[in-house]
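Worksheet: the structure to be examined is printed underneath.
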Amino acid sequence: DQGWVVDEKMLKVEPFPIPARMPRDVPIEQVQRLQAEIEKQAGSSHAGHSRTGKLDLAWFLLMLHSGLRTGEIRRLRLTEVDFGAKKARIEQSKGLKDRFVYLSAAVIGALQDYLAVRGPVDALPEHVFIFRHAPLSRTYCGSRLRTYGIRCGVKVSPHQLRHTCATWLLNAGAPVLMVQAILGHKHLDTTLQYARLYDGTVAQDYFAAMSRVEEMFSPLEKQTDARPNQTGEVLAALDAILSTGLSAEQAEIIRVVKERVLVVVGK
């Protein structure tokens, strides 16, 4: 800024690493307000407004319940949706990795309501989501969410719906590998970022494991014949907690607990 010449050797200094940004989910009350606003338009007496509302509700729930990206919403074709099997095939998504996502009852209902007013299949492109006789543009989903958000006082980006889906599934007890497969993440660490949004899952697993540990430290006369099985369960639970991206201090505590368990059982 002062016009000094920068020595070329300074340009070889490695910059400080930038921490990965934590994914941001949407609080449940904001999701409810946003969905209610979309459903309000879907129920409009004006045919055009109602059709747009049903279109928006269908892709909104697909992102929220199935974790789709906006590009996957725009590319989704009618032949890739299997209502009977309650799933959709996502082809050539990020990283050119195909996968299946599953459709909740709410998603199926919204999709069927929209397809009933979508228009004739033969006269329109094969994409599921059509607006003004053409597939959705790159900015459509974001623009529509801003419109609904202004009406109900909620600021949400399309990708936050995907973050929210991952967070809800993980904190409801869904296995991390299952969530990884649904979201189409190449690396498990990417999925684990969502598990850190809330401490609920880690805390629940921790206290469940510690209750088992405390049982093992109880007097011998109170212990049951199921002790070997309990030991395996405790060790597996502790290993699972270690894989959730704890801080160094938290991880050390878990390792100490694991060592104490092994000492008690004589391994």
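Residue numbering restarts at 1 for every chain of the structure tokens, chains are lettered A, B, ... in their displayed order, and ligands are numbered from 1 as they appear.
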- Message: DSSP on the backbone, alpha helix (DSSP H) only: what residues of region 31-195 of chain A does that give? Format it as an MDAnalysis selection string.
- Response: chainID A and resid 31:42 47:66 70:75 105:118 140:152 158:171 176:183 188:195
- Task: Show which residues sit within 8 Å of Pro158 (chain A), as a list in words. Count only C-alpha atoms, and ignore same-chain residues fewer than 3 positions away.
- Result: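 That gives Met63, Arg69, Thr70, Cys141, Gly142, Leu145, Leu161 and Arg162 of chain A.
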- Between A:Val257, A:Val101, A:Leu11, A:Ile73, single out the one closest to Gln180 (chain A), counting only C-alpha atoms.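 Of A:Val257, A:Val101, A:Leu11, A:Ile73, the one nearest Gln180 (chain A) is A:Val101, counting only C-alpha atoms.
Coordinates place CA of Gly67 (chain A) at a distance of 5.7 Å from CA of Leu183 (chain A).
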- Item | Residue neighbourhood Ser104 (chain A), 9 Å, only C-alpha atoms, exclusion window fewer than 2 positions, as a list in words | Leu61, Leu62, His65, Ser66, Lys86, Lys87, Tyr102, Ala106, Val107, Ile108 and Gly109 of chain A
- Item | Option closest in space to Leu76 (chain A), from A:Lys40, A:His127, A:His46, A:Lys155 [counting only C-alpha atoms] | A:His127
- Which of region 38-213 of chain A fall in strand (DSSP E), as a VMD selection string: chain A and resid 81 to 82 87 to 90 99 to 102 130 to 131 134 to 135
- Compile the contact shell of Leu34 (chain A) as a ChimeraX atom specification: residues with an atom at most 7 Å away, counting only C-alpha atoms, same-chain residues fewer than 3 positions apart removed. /A:30-31,37-38,148-149,152,154
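Take the candidates A:Leu136, A:Ala42, A:Leu242, A:Ala236 and check each one against Val261 (chain A) using only C-alpha atoms; the shortest distance goes to A:Ala236.
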- CA of Leu188 (chain A) and CA of Pro15 (chain A), how far apart in Å?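 For CA of Pro15 (chain A) relative to CA of Leu188 (chain A), the distance reads 26.6 Å.
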- Note on the structure: If you count only C-alpha atoms, the residue of A:Glu259, A:Glu14, A:Asp1, A:Glu29 closest to Gly153 (chain A) turns out to be A:Glu29
Counting only C-alpha atoms, what is within 12 Å of Ala166 (chain A), bar same-chain residues fewer than 6 positions away, as a CSV table (one decimal) with N, CA, C and O atoms, in the first residue's frame?
```csv
chain,number,residue,atom,x,y,z
A,23,PRO,N,-20.1,-26.3,7.7
A,23,PRO,CA,-21.4,-26.2,6.9
A,23,PRO,C,-22.5,-25.6,7.8
A,23,PRO,O,-22.5,-25.8,9.0
A,24,ARG,N,-23.4,-24.8,7.2
A,24,ARG,CA,-24.4,-24.1,8.0
A,24,ARG,C,-25.8,-24.8,7.6
A,24,ARG,O,-26.2,-24.8,6.5
A,25,ASP,N,-26.4,-25.3,8.7
A,25,ASP,CA,-27.8,-25.9,8.4
A,25,ASP,C,-28.8,-24.8,8.7
A,25,ASP,O,-28.5,-23.6,9.1
A,26,VAL,N,-30.1,-25.1,8.6
A,26,VAL,CA,-31.2,-24.2,8.8
A,26,VAL,C,-31.9,-24.6,10.0
A,26,VAL,O,-32.4,-25.8,10.1
A,63,MET,N,-34.3,-31.5,-2.0
A,63,MET,CA,-33.0,-31.0,-1.4
A,63,MET,C,-33.0,-31.2,0.1
A,63,MET,O,-32.0,-31.6,0.6
A,64,LEU,N,-34.1,-31.0,0.7
A,64,LEU,CA,-34.2,-31.0,2.2
A,64,LEU,C,-34.2,-32.5,2.7
A,64,LEU,O,-33.6,-32.8,3.7
A,65,HIS,N,-34.9,-33.4,2.0
A,65,HIS,CA,-35.1,-34.7,2.5
A,65,HIS,C,-34.1,-35.7,1.8
A,65,HIS,O,-33.9,-36.8,2.4
A,66,SER,N,-33.7,-35.4,0.6
A,66,SER,CA,-32.8,-36.4,-0.1
A,66,SER,C,-31.4,-35.8,-0.4
A,66,SER,O,-30.6,-36.5,-0.9
A,67,GLY,N,-31.1,-34.6,0.0
A,67,GLY,CA,-29.8,-34.0,-0.1
A,67,GLY,C,-29.3,-33.7,-1.5
A,67,GLY,O,-28.0,-33.7,-1.7
A,68,LEU,N,-30.1,-33.4,-2.4
A,68,LEU,CA,-29.7,-33.2,-3.8
A,68,LEU,C,-29.0,-31.8,-3.9
A,68,LEU,O,-29.4,-30.9,-3.1
A,159,HIS,N,-28.0,-24.5,-1.0
A,159,HIS,CA,-27.1,-25.5,-0.5
A,159,HIS,C,-27.3,-25.8,1.0
A,159,HIS,O,-26.9,-26.8,1.5
A,160,GLN,N,-27.8,-24.8,1.7
A,160,GLN,CA,-28.1,-25.0,3.1
A,160,GLN,C,-29.1,-26.1,3.3
A,160,GLN,O,-29.2,-26.7,4.4
A,172,ALA,N,-30.3,-37.9,13.9
A,172,ALA,CA,-31.4,-38.8,14.1
A,172,ALA,C,-30.9,-40.2,14.3
A,172,ALA,O,-31.6,-41.1,14.5
A,173,GLY,N,-29.5,-40.4,14.2
A,173,GLY,CA,-28.9,-41.7,14.4
A,173,GLY,C,-28.6,-42.4,13.1
A,173,GLY,O,-28.2,-43.6,13.2
A,174,ALA,N,-28.7,-41.8,12.0
A,174,ALA,CA,-28.4,-42.5,10.7
A,174,ALA,C,-26.9,-42.8,10.7
A,174,ALA,O,-26.1,-41.9,11.0
A,175,PRO,N,-26.5,-44.0,10.2
A,175,PRO,CA,-25.0,-44.3,10.1
A,175,PRO,C,-24.3,-43.3,9.1
A,175,PRO,O,-24.9,-42.9,8.1
A,176,VAL,N,-23.1,-42.9,9.5
A,176,VAL,CA,-22.4,-41.9,8.7
A,176,VAL,C,-22.2,-42.4,7.3
A,176,VAL,O,-22.3,-41.7,6.3
A,177,LEU,N,-21.9,-43.7,7.1
A,177,LEU,CA,-21.6,-44.3,5.8
A,177,LEU,C,-22.9,-44.2,4.9
A,177,LEU,O,-22.8,-44.0,3.7
A,178,MET,N,-24.1,-44.4,5.5
A,178,MET,CA,-25.3,-44.2,4.8
A,178,MET,C,-25.5,-42.8,4.3
A,178,MET,O,-25.8,-42.5,3.1
A,179,VAL,N,-25.2,-41.8,5.2
A,179,VAL,CA,-25.4,-40.4,4.8
A,179,VAL,C,-24.4,-40.0,3.7
A,179,VAL,O,-24.7,-39.3,2.8
A,180,GLN,N,-23.1,-40.6,3.8
A,180,GLN,CA,-22.1,-40.3,2.8
A,180,GLN,C,-22.6,-40.8,1.4
A,180,GLN,O,-22.4,-40.1,0.4
A,181,ALA,N,-23.2,-42.0,1.4
A,181,ALA,CA,-23.7,-42.6,0.1
A,181,ALA,C,-24.8,-41.7,-0.4
A,181,ALA,O,-24.9,-41.5,-1.7
A,182,ILE,N,-25.7,-41.3,0.4
A,182,ILE,CA,-26.9,-40.5,-0.1
A,182,ILE,C,-26.4,-39.1,-0.6
A,182,ILE,O,-26.8,-38.7,-1.7
A,183,LEU,N,-25.5,-38.5,0.1
A,183,LEU,CA,-25.0,-37.2,-0.4
A,183,LEU,C,-24.0,-37.3,-1.5
A,183,LEU,O,-23.8,-36.3,-2.2
A,184,GLY,N,-23.4,-38.4,-1.7
A,184,GLY,CA,-22.5,-38.6,-2.8
A,184,GLY,C,-21.1,-38.0,-2.5
A,184,GLY,O,-20.4,-37.6,-3.4
A,185,HIS,N,-20.7,-38.0,-1.2
A,185,HIS,CA,-19.4,-37.5,-0.9
A,185,HIS,C,-18.3,-38.5,-1.2
A,185,HIS,O,-18.5,-39.7,-0.9
A,190,THR,N,-15.7,-35.4,4.6
A,190,THR,CA,-16.6,-34.3,4.2
A,190,THR,C,-18.0,-34.5,4.9
A,190,THR,O,-18.6,-33.6,5.4
A,191,THR,N,-18.4,-35.8,5.0
A,191,THR,CA,-19.7,-36.1,5.7
A,191,THR,C,-19.6,-35.8,7.2
A,191,THR,O,-20.5,-35.3,7.8
A,192,LEU,N,-18.4,-36.1,7.8
A,192,LEU,CA,-18.2,-35.9,9.2
A,192,LEU,C,-18.3,-34.4,9.6
A,192,LEU,O,-18.5,-34.1,10.8
A,193,GLN,N,-18.0,-33.5,8.7
A,193,GLN,CA,-18.2,-32.1,9.0
A,193,GLN,C,-19.6,-31.8,9.5
A,193,GLN,O,-19.8,-31.0,10.4
A,194,TYR,N,-20.6,-32.5,8.9
A,194,TYR,CA,-21.9,-32.2,9.3
A,194,TYR,C,-22.2,-32.7,10.7
A,194,TYR,O,-23.0,-32.2,11.4
A,195,ALA,N,-21.6,-33.8,11.1
A,195,ALA,CA,-21.8,-34.4,12.4
A,195,ALA,C,-21.3,-33.4,13.5
A,195,ALA,O,-21.7,-33.5,14.6
A,196,ARG,N,-20.4,-32.5,13.2
A,196,ARG,CA,-19.9,-31.6,14.2
A,196,ARG,C,-20.8,-30.4,14.4
A,196,ARG,O,-20.6,-29.5,15.2
A,197,LEU,N,-21.9,-30.2,13.5
A,197,LEU,CA,-22.7,-29.1,13.7
A,197,LEU,C,-23.4,-29.1,15.0
A,197,LEU,O,-23.7,-28.0,15.6
A,198,TYR,N,-23.8,-30.2,15.5
A,198,TYR,CA,-24.4,-30.4,16.8
A,198,TYR,C,-23.6,-31.3,17.7
A,198,TYR,O,-23.0,-32.3,17.1
```
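For Lys258 (chain A), the residues within 7 Å (counting only C-alpha atoms, excluding itself and residues fewer than 4 positions away along the chain) are Leu235, Leu238, Ile254 and Leu262 of chain A.
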